[in-house]
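Text of coords-v1.pdb (PDB, C-alpha atoms) as supplied:
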```
ATOM      1  CA  MET A 242    -185.066-102.600-161.278
ATOM      2  CA  THR A 243    -182.931-101.277-164.129
ATOM      3  CA  SER A 244    -185.904 -99.210-165.332
ATOM      4  CA  GLN A 245    -186.344 -97.594-161.898
ATOM      5  CA  TYR A 246    -182.593 -96.978-161.681
ATOM      6  CA  THR A 247    -182.642 -95.174-165.052
ATOM      7  CA  LYS A 248    -185.803 -93.256-164.146
ATOM      8  CA  ASP A 249    -184.249 -92.042-160.884
ATOM      9  CA  TYR A 250    -181.133 -90.725-162.626
ATOM     10  CA  LEU A 251    -183.164 -89.025-165.379
ATOM     11  CA  GLN A 252    -185.303 -87.315-162.738
ATOM     12  CA  LEU A 253    -182.170 -86.300-160.847
ATOM     13  CA  HIS A 254    -180.735 -84.624-163.934
ATOM     14  CA  PHE A 255    -184.037 -82.854-164.660
ATOM     15  CA  ILE A 256    -183.910 -81.478-161.112
ATOM     16  CA  VAL A 257    -180.329 -80.314-161.633
ATOM     17  CA  PHE A 258    -181.465 -78.622-164.860
ATOM     18  CA  LEU A 259    -184.098 -76.731-162.841
ATOM     19  CA  TRP A 260    -181.414 -75.739-160.337
ATOM     20  CA  GLY A 261    -179.556 -74.245-163.287
ATOM     21  CA  PHE A 262    -182.250 -71.545-163.248
ATOM     22  CA  THR A 263    -181.715 -70.751-159.560
ATOM     23  CA  ALA A 264    -178.806 -68.316-159.863
ATOM     24  CA  ILE A 265    -180.504 -66.642-162.831
ATOM     25  CA  LEU A 266    -183.736 -66.143-160.874
ATOM     26  CA  GLY A 267    -181.686 -64.810-157.971
ATOM     27  CA  MET A 268    -180.124 -62.204-160.250
ATOM     28  CA  LEU A 269    -183.561 -61.199-161.580
ATOM     29  CA  VAL A 270    -184.958 -60.519-158.076
ATOM     30  CA  SER A 271    -184.163 -56.937-157.058
ATOM     31  CA  MET A 272    -183.687 -57.472-153.301
ATOM     32  CA  PRO A 273    -180.493 -58.552-151.422
ATOM     33  CA  SER A 274    -179.738 -62.250-150.928
ATOM     34  CA  VAL A 275    -180.804 -62.436-147.246
ATOM     35  CA  GLU A 276    -184.308 -61.067-147.908
ATOM     36  CA  LEU A 277    -184.530 -63.152-151.083
ATOM     37  CA  VAL A 278    -183.852 -66.394-149.193
ATOM     38  CA  PHE A 279    -186.327 -65.401-146.492
ATOM     39  CA  TYR A 280    -189.097 -65.076-149.075
ATOM     40  CA  ARG A 281    -188.009 -68.268-150.843
ATOM     41  CA  THR A 282    -188.103 -70.375-147.688
ATOM     42  CA  PHE A 283    -191.243 -68.686-146.294
ATOM     43  CA  ILE A 284    -193.244 -69.288-149.493
ATOM     44  CA  SER A 285    -191.876 -72.827-149.733
ATOM     45  CA  ALA A 286    -192.879 -73.632-146.122
ATOM     46  CA  ILE A 287    -196.447 -72.417-146.746
ATOM     47  CA  ALA A 288    -196.732 -74.404-149.994
ATOM     48  CA  LEU A 289    -195.371 -77.566-148.372
ATOM     49  CA  GLY A 290    -197.699 -77.168-145.371
ATOM     50  CA  VAL A 291    -200.718 -76.904-147.702
ATOM     51  CA  MET A 292    -199.551 -79.958-149.663
ATOM     52  CA  LEU A 293    -199.188 -82.013-146.489
ATOM     53  CA  LEU A 294    -202.652 -80.970-145.285
ATOM     54  CA  VAL A 295    -204.356 -81.634-148.629
ATOM     55  CA  GLY A 296    -202.550 -84.946-149.002
ATOM     56  CA  LYS A 297    -203.446 -85.821-145.401
ATOM     57  CA  LYS A 298    -199.836 -86.593-144.597
ATOM     58  CA  SER A 299    -198.539 -86.609-141.058
ATOM     59  CA  PHE A 300    -196.495 -83.703-139.695
ATOM     60  CA  THR A 301    -195.195 -85.962-136.924
ATOM     61  CA  ILE A 302    -191.555 -87.021-137.086
ATOM     62  CA  GLY A 303    -190.721 -86.918-133.385
ATOM     63  CA  THR A 304    -189.494 -84.021-131.268
ATOM     64  CA  ARG A 305    -185.842 -84.916-131.599
ATOM     65  CA  ASP A 306    -185.950 -85.084-135.396
ATOM     66  CA  ILE A 307    -188.006 -81.881-135.615
ATOM     67  CA  VAL A 308    -185.217 -80.081-133.783
ATOM     68  CA  LYS A 309    -182.630 -81.663-136.101
ATOM     69  CA  THR A 310    -184.535 -80.737-139.276
ATOM     70  CA  LEU A 311    -185.063 -77.176-138.052
ATOM     71  CA  ALA A 312    -181.315 -76.922-137.371
ATOM     72  CA  THR A 313    -180.584 -78.371-140.812
ATOM     73  CA  GLY A 314    -182.863 -75.664-142.221
ATOM     74  CA  VAL A 315    -180.560 -73.032-140.707
ATOM     75  CA  ILE A 316    -177.625 -74.561-142.617
ATOM     76  CA  ILE A 317    -179.695 -74.600-145.812
ATOM     77  CA  GLY A 318    -180.648 -70.951-145.331
ATOM     78  CA  VAL A 319    -177.024 -69.890-144.891
ATOM     79  CA  HIS A 320    -176.045 -71.969-147.937
ATOM     80  CA  TRP A 321    -178.615 -70.221-150.141
ATOM     81  CA  ILE A 322    -177.714 -66.765-148.846
ATOM     82  CA  LEU A 323    -174.045 -67.357-149.650
ATOM     83  CA  PHE A 324    -174.989 -68.848-153.022
ATOM     84  CA  PHE A 325    -176.894 -65.762-154.168
ATOM     85  CA  ALA A 326    -174.303 -63.461-152.587
ATOM     86  CA  ALA A 327    -171.529 -65.219-154.537
ATOM     87  CA  ALA A 328    -173.378 -64.662-157.831
ATOM     88  CA  ARG A 329    -173.625 -60.949-157.086
ATOM     89  CA  LEU A 330    -170.033 -60.645-155.878
ATOM     90  CA  SER A 331    -168.782 -62.202-159.115
ATOM     91  CA  ASN A 332    -171.158 -63.537-161.781
ATOM     92  CA  ILE A 333    -173.339 -66.599-162.357
ATOM     93  CA  SER A 334    -170.544 -68.595-164.005
ATOM     94  CA  VAL A 335    -167.995 -68.156-161.208
ATOM     95  CA  CYS A 336    -170.654 -68.798-158.569
ATOM     96  CA  LEU A 337    -171.634 -72.093-160.198
ATOM     97  CA  ALA A 338    -167.972 -73.064-160.532
ATOM     98  CA  GLY A 339    -167.564 -72.811-156.763
ATOM     99  CA  ILE A 340    -170.798 -74.728-156.132
ATOM    100  CA  ALA A 341    -169.465 -77.617-158.225
ATOM    101  CA  THR A 342    -166.990 -78.409-155.417
ATOM    102  CA  ILE A 343    -169.909 -80.058-153.580
ATOM    103  CA  SER A 344    -168.881 -83.482-154.897
ATOM    104  CA  LEU A 345    -165.385 -83.206-153.427
ATOM    105  CA  TRP A 346    -166.709 -82.007-150.056
ATOM    106  CA  THR A 347    -169.255 -84.851-149.997
ATOM    107  CA  SER A 348    -166.643 -87.494-150.766
ATOM    108  CA  LEU A 349    -164.766 -86.311-147.664
ATOM    109  CA  LEU A 350    -167.712 -85.550-145.345
ATOM    110  CA  GLU A 351    -169.998 -88.525-145.982
ATOM    111  CA  PRO A 352    -167.570 -91.144-144.579
ATOM    112  CA  LEU A 353    -166.906 -88.936-141.525
ATOM    113  CA  MET A 354    -170.593 -88.247-140.809
ATOM    114  CA  THR A 355    -171.941 -91.734-141.561
ATOM    115  CA  LYS A 356    -168.887 -93.719-140.383
ATOM    116  CA  LYS A 357    -168.573 -95.401-143.767
ATOM    117  CA  ARG A 358    -165.328 -96.312-145.457
ATOM    118  CA  VAL A 359    -163.837 -93.691-147.786
ATOM    119  CA  LYS A 360    -164.219 -94.816-151.409
ATOM    120  CA  GLY A 361    -161.151 -93.909-153.394
ATOM    121  CA  PHE A 362    -162.972 -93.666-156.713
ATOM    122  CA  GLU A 363    -165.399 -91.085-155.271
ATOM    123  CA  VAL A 364    -162.520 -88.847-154.257
ATOM    124  CA  VAL A 365    -160.910 -89.288-157.677
ATOM    125  CA  LEU A 366    -164.149 -88.452-159.520
ATOM    126  CA  GLY A 367    -164.732 -85.480-157.240
ATOM    127  CA  LEU A 368    -161.246 -84.180-158.020
ATOM    128  CA  MET A 369    -161.842 -84.882-161.701
ATOM    129  CA  ALA A 370    -164.907 -82.617-161.641
ATOM    130  CA  ILE A 371    -162.918 -79.891-159.912
ATOM    131  CA  VAL A 372    -160.236 -80.083-162.612
ATOM    132  CA  GLY A 373    -162.966 -79.587-165.192
ATOM    133  CA  ILE A 374    -164.253 -76.502-163.394
ATOM    134  CA  VAL A 375    -160.748 -75.020-163.102
ATOM    135  CA  ILE A 376    -160.185 -75.536-166.814
ATOM    136  CA  ILE A 377    -163.539 -73.936-167.684
ATOM    137  CA  PHE A 378    -162.876 -70.724-165.834
ATOM    138  CA  ASN A 379    -159.091 -70.671-166.100
ATOM    139  CA  VAL A 380    -158.863 -69.311-162.567
ATOM    140  CA  GLU A 381    -160.776 -66.000-162.553
ATOM    141  CA  PHE A 382    -158.660 -64.226-159.920
ATOM    142  CA  LYS A 383    -160.613 -60.991-160.223
ATOM    143  CA  TYR A 384    -163.618 -62.890-158.856
ATOM    144  CA  ALA A 385    -161.670 -64.611-156.063
ATOM    145  CA  TRP A 386    -163.933 -63.351-153.255
ATOM    146  CA  GLY A 387    -167.103 -64.481-155.018
ATOM    147  CA  LEU A 388    -165.521 -67.863-155.758
ATOM    148  CA  PHE A 389    -164.500 -68.290-152.097
ATOM    149  CA  VAL A 390    -168.053 -67.518-150.896
ATOM    150  CA  ALA A 391    -169.437 -70.039-153.417
ATOM    151  CA  ILE A 392    -167.036 -72.735-152.176
ATOM    152  CA  VAL A 393    -168.135 -72.153-148.557
ATOM    153  CA  SER A 394    -171.727 -72.411-149.781
ATOM    154  CA  ALA A 395    -170.853 -75.717-151.480
ATOM    155  CA  PHE A 396    -169.360 -77.053-148.242
ATOM    156  CA  LEU A 397    -172.607 -76.301-146.387
ATOM    157  CA  ALA A 398    -174.598 -77.945-149.196
ATOM    158  CA  ALA A 399    -172.524 -81.108-148.787
ATOM    159  CA  VAL A 400    -173.206 -81.079-145.025
ATOM    160  CA  PHE A 401    -176.998 -80.865-145.281
ATOM    161  CA  THR A 402    -177.129 -83.308-148.217
ATOM    162  CA  VAL A 403    -175.441 -86.012-146.150
ATOM    163  CA  ILE A 404    -177.751 -85.223-143.207
ATOM    164  CA  ASN A 405    -180.839 -85.435-145.438
ATOM    165  CA  SER A 406    -179.759 -88.786-146.839
ATOM    166  CA  GLN A 407    -180.238 -90.114-143.290
ATOM    167  CA  PHE A 408    -183.523 -88.290-142.559
ATOM    168  CA  THR A 409    -185.225 -89.652-145.671
ATOM    169  CA  GLN A 410    -184.650 -93.213-144.575
ATOM    170  CA  ARG A 411    -187.074 -92.558-141.714
ATOM    171  CA  HIS A 412    -189.499 -89.821-142.780
ATOM    172  CA  TYR A 413    -191.662 -88.575-145.670
ATOM    173  CA  HIS A 414    -189.525 -86.269-147.834
ATOM    174  CA  PHE A 415    -192.058 -83.400-147.992
ATOM    175  CA  THR A 416    -192.352 -83.398-144.199
ATOM    176  CA  VAL A 417    -188.563 -83.206-143.842
ATOM    177  CA  THR A 418    -188.389 -80.308-146.312
ATOM    178  CA  PHE A 419    -191.322 -78.532-144.596
ATOM    179  CA  TYR A 420    -189.513 -78.345-141.258
ATOM    180  CA  GLU A 421    -186.235 -77.390-142.921
ATOM    181  CA  MET A 422    -187.890 -74.471-144.737
ATOM    182  CA  ILE A 423    -189.445 -73.330-141.444
ATOM    183  CA  GLY A 424    -186.035 -73.543-139.762
ATOM    184  CA  ALA A 425    -184.463 -71.457-142.530
ATOM    185  CA  ALA A 426    -187.234 -68.812-142.634
ATOM    186  CA  VAL A 427    -187.480 -68.425-138.844
ATOM    187  CA  SER A 428    -183.708 -68.211-138.342
ATOM    188  CA  ILE A 429    -183.430 -65.521-141.038
ATOM    189  CA  GLY A 430    -186.355 -63.641-139.479
ATOM    190  CA  LEU A 431    -184.613 -63.702-136.101
ATOM    191  CA  PHE A 432    -181.411 -62.515-137.769
ATOM    192  CA  PHE A 433    -183.109 -59.510-139.421
ATOM    193  CA  PRO A 434    -182.590 -57.032-136.505
ATOM    194  CA  ILE A 435    -178.822 -57.722-136.424
ATOM    195  CA  TYR A 436    -178.605 -57.829-140.210
ATOM    196  CA  GLY A 437    -180.469 -54.548-140.637
ATOM    197  CA  ALA A 438    -178.400 -52.787-137.978
ATOM    198  CA  TYR A 439    -174.882 -53.990-138.820
ATOM    199  CA  PHE A 440    -174.781 -55.594-142.283
ATOM    200  CA  SER A 441    -177.043 -53.436-144.446
ATOM    201  CA  ASP A 442    -179.006 -50.190-144.589
ATOM    202  CA  GLY A 443    -182.063 -51.864-143.125
ATOM    203  CA  VAL A 444    -184.140 -54.884-144.105
ATOM    204  CA  GLN A 445    -185.537 -54.520-147.640
ATOM    205  CA  LEU A 446    -188.684 -56.630-147.909
ATOM    206  CA  GLY A 447    -190.487 -54.480-150.478
ATOM    207  CA  LEU A 448    -191.315 -56.213-153.775
ATOM    208  CA  ARG A 449    -190.701 -54.467-157.093
ATOM    209  CA  GLY A 450    -191.466 -55.291-160.718
ATOM    210  CA  TYR A 451    -191.609 -59.036-161.305
ATOM    211  CA  ASP A 452    -190.035 -59.917-157.932
ATOM    212  CA  LEU A 453    -193.086 -61.850-156.710
ATOM    213  CA  LEU A 454    -193.261 -63.924-159.919
ATOM    214  CA  TRP A 455    -189.564 -64.832-159.775
ATOM    215  CA  LEU A 456    -189.834 -65.674-156.056
ATOM    216  CA  ILE A 457    -192.854 -67.941-156.615
ATOM    217  CA  ILE A 458    -191.052 -69.804-159.404
ATOM    218  CA  LEU A 459    -187.945 -70.043-157.229
ATOM    219  CA  ALA A 460    -189.971 -71.377-154.293
ATOM    220  CA  LEU A 461    -192.345 -73.769-156.072
ATOM    221  CA  ALA A 462    -190.296 -75.125-158.989
ATOM    222  CA  CYS A 463    -186.713 -74.908-157.706
ATOM    223  CA  THR A 464    -187.462 -75.627-154.030
ATOM    224  CA  VAL A 465    -190.766 -77.391-153.314
ATOM    225  CA  TYR A 466    -190.506 -79.687-156.329
ATOM    226  CA  ALA A 467    -186.792 -79.891-157.115
ATOM    227  CA  TYR A 468    -185.397 -79.826-153.583
ATOM    228  CA  SER A 469    -188.056 -82.144-152.118
ATOM    229  CA  GLU A 470    -187.752 -84.653-154.948
ATOM    230  CA  SER A 471    -183.961 -84.639-154.587
ATOM    231  CA  VAL A 472    -184.428 -85.482-150.913
ATOM    232  CA  LYS A 473    -186.755 -88.333-151.926
ATOM    233  CA  LEU A 474    -184.244 -89.670-154.459
ATOM    234  CA  MET A 475    -181.635 -89.899-151.696
ATOM    235  CA  LYS A 476    -183.543 -92.946-150.440
ATOM    236  CA  ARG A 477    -182.292 -94.797-153.515
ATOM    237  CA  ILE A 478    -179.283 -92.804-154.747
ATOM    238  CA  PRO A 479    -176.135 -92.182-152.626
ATOM    239  CA  ALA A 480    -175.557 -88.601-151.487
ATOM    240  CA  PHE A 481    -172.280 -88.505-153.424
ATOM    241  CA  ALA A 482    -174.044 -89.480-156.685
ATOM    242  CA  VAL A 483    -176.605 -86.717-156.139
ATOM    243  CA  ASN A 484    -173.945 -84.090-155.579
ATOM    244  CA  LEU A 485    -171.784 -85.357-158.435
ATOM    245  CA  ALA A 486    -174.752 -84.853-160.786
ATOM    246  CA  VAL A 487    -175.075 -81.343-159.370
ATOM    247  CA  ASN A 488    -171.752 -80.677-161.117
ATOM    248  CA  LEU A 489    -173.858 -80.346-164.263
ATOM    249  CA  GLU A 490    -175.588 -77.318-162.711
ATOM    250  CA  PRO A 491    -172.786 -74.984-163.888
ATOM    251  CA  ILE A 492    -173.168 -76.313-167.417
ATOM    252  CA  TYR A 493    -176.945 -75.852-167.517
ATOM    253  CA  GLY A 494    -176.760 -72.561-165.652
ATOM    254  CA  ILE A 495    -174.035 -71.083-167.833
ATOM    255  CA  ILE A 496    -175.832 -72.038-171.050
ATOM    256  CA  LEU A 497    -179.061 -70.503-169.753
ATOM    257  CA  ALA A 498    -177.224 -67.398-168.518
ATOM    258  CA  LEU A 499    -175.577 -67.012-171.915
ATOM    259  CA  LEU A 500    -178.964 -67.174-173.626
ATOM    260  CA  ILE A 501    -180.569 -64.726-171.185
ATOM    261  CA  PHE A 502    -177.756 -62.282-170.332
ATOM    262  CA  GLY A 503    -175.710 -62.565-173.521
ATOM    263  CA  GLU A 504    -172.152 -61.254-173.730
ATOM    264  CA  GLN A 505    -171.674 -60.696-169.982
ATOM    265  CA  GLU A 506    -171.835 -64.472-169.488
ATOM    266  CA  LYS A 507    -169.903 -65.442-172.627
ATOM    267  CA  MET A 508    -167.953 -68.682-172.182
ATOM    268  CA  LYS A 509    -164.255 -69.209-172.779
ATOM    269  CA  PRO A 510    -162.878 -71.930-175.127
ATOM    270  CA  GLY A 511    -161.780 -73.943-172.082
ATOM    271  CA  PHE A 512    -165.454 -74.386-171.263
ATOM    272  CA  TYR A 513    -165.806 -77.227-173.767
ATOM    273  CA  ILE A 514    -162.831 -79.181-172.415
ATOM    274  CA  GLY A 515    -164.038 -78.681-168.857
ATOM    275  CA  THR A 516    -167.552 -79.699-169.849
ATOM    276  CA  LEU A 517    -166.267 -82.986-171.268
ATOM    277  CA  ILE A 518    -164.358 -83.736-168.045
ATOM    278  CA  ILE A 519    -167.353 -82.923-165.829
ATOM    279  CA  LEU A 520    -169.744 -84.964-167.980
ATOM    280  CA  SER A 521    -167.306 -87.871-167.854
ATOM    281  CA  SER A 522    -167.132 -87.806-164.041
ATOM    282  CA  VAL A 523    -170.944 -87.711-163.805
ATOM    283  CA  LEU A 524    -171.532 -90.493-166.323
ATOM    284  CA  ILE A 525    -168.749 -92.753-165.057
ATOM    285  CA  TYR A 526    -169.918 -92.751-161.428
ATOM    286  CA  PRO A 527    -173.049 -94.961-161.752
ATOM    287  CA  TRP A 528    -171.106 -97.593-163.687
ATOM    288  CA  ILE A 529    -168.177 -97.711-161.267
ATOM    289  CA  ASN A 530    -170.519 -97.734-158.265
ATOM    290  CA  LYS A 531    -172.551-100.651-159.698
ATOM    291  CA  TYR A 532    -169.307-102.521-160.447
ATOM    292  CA  TYR A 533    -168.081-102.223-156.847
ATOM    293  CA  GLN A 534    -171.521-103.126-155.474
ATOM    294  CA  ARG A 535    -171.556-106.255-157.643
ATOM    295  CA  LYS A 536    -168.027-107.174-156.547
ATOM    296  CA  ALA A 537    -168.993-106.672-152.877
ATOM    297  CA  LEU A 538    -172.057-108.891-153.369
ATOM    298  CA  GLU A 539    -169.973-111.601-155.028
ATOM    299  CA  THR A 540    -167.492-111.440-152.151
ATOM    300  CA  ASP A 541    -170.304-111.815-149.589
ATOM    301  CA  VAL A 542    -171.689-114.831-151.470
ATOM    302  CA  LEU A 543    -168.271-116.509-151.545
ATOM    303  CA  ARG A 544    -167.973-116.041-147.772
TER
END
```
As structure tokens - that is how I would like this structure written.
Amino acid sequence: MTSQYTKDYLQLHFIVFLWGFTAILGMLVSMPSVELVFYRTFISAIALGVMLLVGKKSFTIGTRDIVKTLATGVIIGVHWILFFAAARLSNISVCLAGIATISLWTSLLEPLMTKKRVKGFEVVLGLMAIVGIVIIFNVEFKYAWGLFVAIVSAFLAAVFTVINSQFTQRHYHFTVTFYEMIGAAVSIGLFFPIYGAYFSDGVQLGLRGYDLLWLIILALACTVYAYSESVKLMKRIPAFAVNLAVNLEPIYGIILALLIFGEQEKMKPGFYIGTLIILSSVLIYPWINKYYQRKALETDVLR
């Protein structure tokens, strides 16, 4: 059991490392964030559909849950659009700082949405991670708008993560992701006429340079594999633990951005202090959670 527990957390952190590439790939693609997310979800839906067919897995999850997963896909689509928009409004570092607030949002939303008791230590660890992020970036006021958009994106991520933690208890994780990607792609497609008329100078679906390569990597590695496997892990790992680990995404992403983009993503000295605080909150959580689970079990036995 301990071996599986360790394996799950190692896989979770590998997935978060892959997500560290997401903002970078988004910056490399030449098209706006709305069109980018449309391609990402469209390619992902096709790949997942092929995988389900080849693996002879069922597409059936019930009409009611299909509607729910499609609706969840809309939330995911908006989250990704805001995520890439935030990176372009500010930079990768500030965008990832805002995304790290997912843990705090989850600690507040999960009890409300699942009717579970609020765990004080989750709120404390969530706030601890936020303190680390604030220290890292020392409040970049010139990027306030980008940071705000990233925080809204993080809120939406917390919403669909809690929802998915319930779906995966009943359905195959690739099937859940398949319908969510369809929901995201279709909703963006339906939004295109309004978007092209009022929010941009027309829909820009033309591919240039290495756009197709970056989009395929974004869809297959960062979505089909990473996103689907994260959904699967939610069967065994609490949604809060998943999102707390996602706090490492800024660390991985910033290091990668520094290596790829150089001086424009150079980190401040406060980065190292903030990194230590974030790492502490991530590493402490599994131990505290196991302690409280053991205490709860001992209490039940005594009763």
List as number ranges by chain the protein and nucleic acid residues near Val335 of chain A, meaning an atom at most 9 Å away when only C-alpha atoms are counted, but skip any in the same chain fewer than 6 places from it. A: 327-328, 378, 381, 384-385, 387-388, 391, 491
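Counting only C-alpha atoms, the residue from A:Asp249, A:Asp452, A:Asp306, A:Glu276 that sits nearest to Ala326 of chain A is A:Glu276.
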Do you know which residues the PyMOL selection byres ((chain A and resi 293) around 12) returns on this file, as a VMD selection string? chain A and resid 286 to 292 294 to 301 413 to 420 465
Can you tell me, as a list in words, what residues are no more than 12 Å from Gly430 of chain A when counting all atoms listed in the file, ignoring any on the same chain fewer than 3 positions away? Val275, Glu276, Leu277, Val278, Phe279, Tyr280, Thr282, Phe283, Val315, Gly318, Ile423, Gly424, Ala425, Ala426, Val427, Phe433, Pro434, Ile435, Tyr436, Gly437, Val444 and Leu446 of chain A
Which residue, A:Val359, A:Val372, A:Val364, A:Leu459, has the smallest gap to Trp321 of chain A when you use only C-alpha atoms?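 Among A:Val359, A:Val372, A:Val364, A:Leu459, it is A:Leu459 that comes nearest to Trp321 of chain A.
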Between atom CA of Ala264 of chain A and atom CA of Cys336 of chain A, what is the distance, to one decimal in Å?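 Result for atom CA of Ala264 of chain A versus atom CA of Cys336 of chain A: 8.3 Å, one decimal.
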For the file shown, what are the residues hit by the PyMOL selection byres ((chain A and resi 314) around 6), laid out as a PyMOL selection string? chain A and resi 311-313+315-317+421-422+424-425
Between atom CA of Ala370 of chain A and atom CA of Thr342 of chain A - distance in Å to one decimal: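 Answer for the atom CA of Thr342 of chain A to atom CA of Ala370 of chain A separation: 7.8 Å.
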For Gly361 of chain A, the closest of A:Ile492, A:Val523, A:Ile529, A:Ala399 counting only C-alpha atoms is A:Ile529
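In this model, the gap between atom CA of Asp442 of chain A and atom CA of Gly339 of chain A comes to 28.1 Å.
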Got a sec to check which residues sit within 10 Å of (-170.9, -85.6, -151.7), counting only C-alpha atoms, and write them as a count of residues only? 30
